Amino acid sequence: MKKFYLLLMSLLISGLAYGQASDLYFSKYGEGSSNNKFLEIYNGTGADVDLSQYSVELYTNGDTTVTHSLTLTGTLASGSVFVIANASADQTILDAADTTSTVTWFNGDDAIVLNKNGSPLDVIGVVGERPSTGGWDVAGVAHATKDHTLIRKSTVCDPTTDWAASAGTDANNSQWNVLGRDAGWNDLGSYSGCTTQPEIIITSPADNYEFNPETDQVTVEFTVNNFQVAQSGGDGYIYFYVDGGSFNEKFDTNPLTIAGLTAGSSHTVIMELVDNNGQSLNPPAADTVHFSIASYTQVADLAALRAGTLGNYYEVTGEVIITAGQLYNNSYFKGFVQDASAGIMIYDPNSILDLPAYNIYDGVTGVKGRLTSYRGMMELVPTVDPGGPSSNNNQITPQDVTIANFNAHHEDYESELIIFHRVFVDTSGGSVFHINTNYHLYKANDTTTLRVIFSDLDGETVPYGNEQNVTAIGAEYAGHPQVFPRNINDFVVKVATQQPIRGLRVYPNPVTGGWVYIQTPSGMAKKIQIYDITGQAVLRTDMPANGTLHLRLQPGIYMMQVEEDDHVSVVKLLIK
């Protein structure tokens with residue numbers, strides 16, 4: 001619980017009047033990257049407050065029942081704040097936090113309520129509603145409760161359950177200042193409310209933000225409260241300083257553009273409110289932001305790229321080959337590239353790439369981007385378009401791998417073309433391929449997940465029941481191995497080239513007692529697979545030699561595939 005010794009000192013020095021809040025209220029809200037989420041509650045009542053009267057509730061996905069709740073404990077001193085953080089948040093947030101809680105498991109479309117003695121006192125969002133845009137608008141900023149930090153204006157004195165009034169429709173009538181994603185962390189744990197003291201807040205970029213190396217100018221956005229900026233007839237104007245240089249005068253609140261920036265540089269902007277004589281206010285009203293422009297690290301190939309540091313920017317100087325890719329929802333591109341050393345996913349949410357210029361098996365030289373990771377899959381997010389292919393119609397030979405070896409070492413094959421020989425696909429996800437659906441790829445007792453992420457497969461019939469060679473991109477999801485076939489041509493059925501098993505006997509058929517005998521003249525080990533009439537695999541087993549199976553299946557018609565050595569036969573089986 002952070003005490004405002006500097007604030008109290010300023011009061012004594014300046015003699016400025018601060019009002020008293022009627023009760024506790026939310027002073028900050030952070031919905032940032034990853035798990036960087038937090039809530040800050042302010043006590044401006046002028047007296048210490050027993051927190052056991054208060055609780056925070058989270059309502060997710062438009063629900064009207066509580067998803068997570070936290071009953072507060074302890075005493076919150078007057079002029080102090082109580083910070084609740086996500087347990088997996090950045091250390092900067094955790095250092096400012098008084099506790100961690102699951103009530104911070106919110107996204108931008110989840111409502112949060114501060115209760116007193118069981119009754120709502122202050123809110124963020126609307127319980128029972130879920131905005132379709134992913135967040136509620138605040139201060140005229142679209143879906144601002146998502147990927148933003150909100151800071152309550154210092155003029156606010158009272159909590160409210162009227163979210164429409166709290167959010168407002170523009171920057172003037174809103175109770176909130178809207179900052180960019182991951183902004184405001186440096187001020188977390190300190191807040192002064194219910195005051196008419198002038199303030200200037202830099203809302204973007206976030207402090208210590210690193211821009212990509214292609215950035216040559218940065219727009220600094222800010223908001224001013226309790227002070228009219230004007231060249232004449234107002235309360236004063238703004239001094240701003242860039243990188244320690246001399247002051248510049250600004251007579252409006254339009255964003256400030258800093259141009260002529262270069263890769264690898266760091267910058268500091270200070271903005272201060274001054275009176276009409278150019279003198280600092282008492283106490284001073286100023287804010288500072290630090291930011292930098294990243295630089296590229298050159299690597300020769302994809303193996304060197306994969307050995308890089310997540311979050312850093314890289315340029316691959318060697319040529320890479322496109323092995324797969326498509327546009328999703330007409331908004332972002334996801335694909336894969338590979339060279340002789342490794343492969344990597346290309347994720348382009350900002351539409352940097354000129355997609356019509358590229359085709360599968362085109363070579364690309366000079367790939368640049370930021371190295372990131374999603375659910376265990378390493379990605380490169382492009383920062384600039386390479387300018388078209390450097391070669392065409394290249395050949396990539398898929399690596400021959402077994403299911404068992406892939407499962408055990410899937411990271412060695414991540415984002416690379418691989419091929420499984422003589423395997424089977426079942427219809428666990430349906431008899432037709434559907435986008436974003438999982439299926440099973442198996443051979444004997446080894447199984448891995450086949451996931452459809454490419455639309456070229458959507459609607460194609462699953463080639464179940466047939467032994468085949470399957471080509472795919474190696475992948476994972478949160479540590480679980482997966483493979484991504486690109487289209488139906490990645491499935492090459494092998495059954496047609498094999499000879500049936502001569503002398504195969506399956507009896508009795510119809511099966512009346514659950515037992516069925518399977519015999520061949522050679523008496524060799526067999527692989528048995530049984531499918532129902534929908535194509536769903538209901539049994540897979542190995543039979544060491546001629547023998548019997550005890551079938552616990554519902555009465556009906558089934559297809560039984562028997563594989564022995566390099567021979568395969570399919571028998572219709574009737575179970576009564």
# chains A, B, ... in the order shown; residues from 1 in each chain; ligands from 1
call {"tool": "residues_around", "arguments": {"residues": "A:Ser132", "least_positions_apart": "6", "cutoff": "12 Å", "atoms": "only C-alpha atoms", "output": "list in words"}}
result
Asn61, Gly62, Gly108, Asp109, Asp110, Ala142, His143 and Lys146 of chain A
call {"tool": "closest_residue", "arguments": {"among": "A:Trp185, A:Ala21, A:His421, A:Gly128", "to": "A:Asp95", "atoms": "only C-alpha atoms"}}
result
A:Trp185
call {"tool": "closest_residue", "arguments": {"among": "A:Ala294, A:Val570, A:Ile93, A:Leu551", "to": "A:Glu214", "atoms": "only C-alpha atoms"}}
result
A:Ala294
call {"tool": "select_by_dssp", "arguments": {"residues": "stretch 334-374 of chain A", "states": "strand (DSSP E or B)", "output": "JSON, numbers by chain"}}
result
{"A": [334, 335, 336, 337, 338, 343, 344, 345, 346, 347, 348, 363, 364, 365, 366, 367, 368, 369, 370, 371, 372, 373, 374]}
call {"tool": "closest_residue", "arguments": {"among": "A:Asn466, A:Trp163, A:Asp243, A:Gly79", "to": "A:Thr195", "atoms": "only C-alpha atoms"}}
result
A:Gly79
call {"tool": "residues_around", "arguments": {"residues": "stretch 116-120 of chain A", "least_positions_apart": "5", "cutoff": "8 Å", "atoms": "only C-alpha atoms", "output": "PDB file with C-alpha atoms, in the first residue's frame"}}
result
ATOM      1  CA  GLN A  53     -15.453  -4.204   3.798  1.00  0.00           C
ATOM      2  CA  TYR A  54     -14.357  -4.334   0.142  1.00  0.00           C
ATOM      3  CA  SER A  55     -14.088  -6.977  -2.549  1.00  0.00           C
ATOM      4  CA  THR A 161     -21.526   2.311 -11.031  1.00  0.00           C
TER       5      THR A 161
END
call {"tool": "atom_distance", "arguments": {"atom1": "atom CA of A:Ile418", "atom2": "atom CA of A:Thr471"}}
result
5.7 Å
call {"tool": "residues_around", "arguments": {"residues": "A:Glu249", "least_positions_apart": "2", "cutoff": "12 Å", "atoms": "only C-alpha atoms", "output": "PyMOL selection string"}}
result
chain A and resi 229-231+236-242+246-247+251-253+256+270-278
call {"tool": "closest_residue", "arguments": {"among": "A:Trp105, A:Tyr442, A:Tyr25, A:Phe38", "to": "A:Thr402", "atoms": "only C-alpha atoms"}}
result
A:Tyr442
call {"tool": "residues_around", "arguments": {"residues": "stretch 430-438 of chain A", "least_positions_apart": "5", "cutoff": "6 Å", "atoms": "only C-alpha atoms", "output": "ChimeraX atom specification"}}
result
/A:450-453,458-462
call {"tool": "decode", "arguments": {"residues": "stretch 371-407 of chain A", "atoms": "N, CA and C atoms", "output": "tab-separated table (two decimals), in the first residue's frame"}}
result
chain	number	residue	atom	x	y	z
A	371	LEU	N	11.87	-11.59	-33.52
A	371	LEU	CA	11.75	-12.99	-33.11
A	371	LEU	C	10.82	-13.09	-31.91
A	372	THR	N	9.73	-13.84	-32.05
A	372	THR	CA	8.76	-14.01	-30.98
A	372	THR	C	8.41	-15.48	-30.84
A	373	SER	N	7.49	-15.77	-29.93
A	373	SER	CA	7.06	-17.15	-29.72
A	373	SER	C	5.59	-17.15	-29.32
A	374	TYR	N	4.85	-18.15	-29.79
A	374	TYR	CA	3.45	-18.30	-29.42
A	374	TYR	C	3.17	-19.77	-29.14
A	375	ARG	N	2.80	-20.07	-27.91
A	375	ARG	CA	2.48	-21.43	-27.50
A	375	ARG	C	3.59	-22.42	-27.85
A	376	GLY	N	4.84	-21.95	-27.72
A	376	GLY	CA	5.97	-22.83	-27.97
A	376	GLY	C	6.49	-22.79	-29.38
A	377	MET	N	5.73	-22.20	-30.33
A	377	MET	CA	6.16	-22.11	-31.72
A	377	MET	C	6.93	-20.79	-31.92
A	378	MET	N	8.18	-20.88	-32.37
A	378	MET	CA	8.96	-19.69	-32.62
A	378	MET	C	8.47	-19.03	-33.92
A	379	GLU	N	8.35	-17.69	-33.90
A	379	GLU	CA	7.82	-16.94	-35.04
A	379	GLU	C	8.74	-15.77	-35.37
A	380	LEU	N	8.72	-15.38	-36.62
A	380	LEU	CA	9.36	-14.14	-37.03
A	380	LEU	C	8.27	-13.21	-37.55
A	381	VAL	N	8.14	-12.04	-36.92
A	381	VAL	CA	7.16	-11.04	-37.32
A	381	VAL	C	7.86	-10.03	-38.23
A	382	PRO	N	7.51	-9.98	-39.52
A	382	PRO	CA	8.24	-9.12	-40.47
A	382	PRO	C	8.12	-7.64	-40.12
A	383	THR	N	9.19	-6.91	-40.37
A	383	THR	CA	9.19	-5.46	-40.19
A	383	THR	C	9.26	-4.73	-41.52
A	384	VAL	N	9.65	-5.43	-42.60
A	384	VAL	CA	9.75	-4.81	-43.92
A	384	VAL	C	9.58	-5.90	-44.96
A	385	ASP	N	9.00	-5.56	-46.10
A	385	ASP	CA	8.85	-6.53	-47.17
A	385	ASP	C	10.20	-6.72	-47.88
A	386	PRO	N	10.61	-7.98	-48.11
A	386	PRO	CA	11.92	-8.21	-48.75
A	386	PRO	C	12.01	-7.73	-50.19
A	387	GLY	N	10.87	-7.39	-50.81
A	387	GLY	CA	10.92	-6.87	-52.17
A	387	GLY	C	10.70	-7.90	-53.25
A	388	GLY	N	10.08	-9.02	-52.90
A	388	GLY	CA	9.79	-10.05	-53.90
A	388	GLY	C	10.74	-11.22	-53.82
A	389	PRO	N	10.43	-12.30	-54.54
A	389	PRO	CA	11.26	-13.51	-54.48
A	389	PRO	C	12.62	-13.32	-55.14
A	390	SER	N	13.60	-14.04	-54.61
A	390	SER	CA	14.95	-14.03	-55.19
A	390	SER	C	15.17	-15.22	-56.09
A	391	SER	N	14.27	-16.22	-56.04
A	391	SER	CA	14.32	-17.38	-56.93
A	391	SER	C	12.95	-18.03	-56.93
A	392	ASN	N	12.75	-18.98	-57.86
A	392	ASN	CA	11.44	-19.63	-57.98
A	392	ASN	C	11.62	-21.14	-58.14
A	393	ASN	N	10.51	-21.85	-57.85
A	393	ASN	CA	10.43	-23.29	-58.12
A	393	ASN	C	11.58	-24.07	-57.48
A	394	ASN	N	11.88	-23.74	-56.24
A	394	ASN	CA	12.90	-24.48	-55.50
A	394	ASN	C	12.35	-25.82	-55.03
A	395	GLN	N	13.23	-26.71	-54.67
A	395	GLN	CA	12.83	-28.03	-54.18
A	395	GLN	C	13.22	-28.17	-52.71
A	396	ILE	N	12.26	-28.60	-51.90
A	396	ILE	CA	12.53	-28.93	-50.50
A	396	ILE	C	12.14	-30.40	-50.31
A	397	THR	N	13.09	-31.24	-49.96
A	397	THR	CA	12.81	-32.65	-49.72
A	397	THR	C	12.40	-32.85	-48.28
A	398	PRO	N	11.18	-33.32	-48.02
A	398	PRO	CA	10.74	-33.53	-46.65
A	398	PRO	C	11.63	-34.56	-45.93
A	399	GLN	N	11.87	-34.33	-44.66
A	399	GLN	CA	12.65	-35.27	-43.87
A	399	GLN	C	11.80	-36.47	-43.48
A	400	ASP	N	12.35	-37.65	-43.66
A	400	ASP	CA	11.65	-38.89	-43.31
A	400	ASP	C	11.72	-39.08	-41.80
A	401	VAL	N	10.56	-39.18	-41.16
A	401	VAL	CA	10.52	-39.28	-39.70
A	401	VAL	C	9.41	-40.23	-39.29
A	402	THR	N	9.61	-40.96	-38.21
A	402	THR	CA	8.56	-41.81	-37.64
A	402	THR	C	7.75	-41.00	-36.65
A	403	ILE	N	6.54	-41.46	-36.38
A	403	ILE	CA	5.70	-40.76	-35.40
A	403	ILE	C	6.36	-40.76	-34.03
A	404	ALA	N	6.93	-41.90	-33.63
A	404	ALA	CA	7.57	-41.99	-32.32
A	404	ALA	C	8.73	-41.00	-32.20
A	405	ASN	N	9.54	-40.91	-33.24
A	405	ASN	CA	10.68	-40.00	-33.20
A	405	ASN	C	10.22	-38.55	-33.21
A	406	PHE	N	9.19	-38.26	-34.00
A	406	PHE	CA	8.67	-36.89	-34.02
A	406	PHE	C	8.12	-36.49	-32.66
A	407	ASN	N	7.34	-37.34	-32.03
A	407	ASN	CA	6.79	-37.02	-30.72
A	407	ASN	C	7.88	-36.74	-29.70
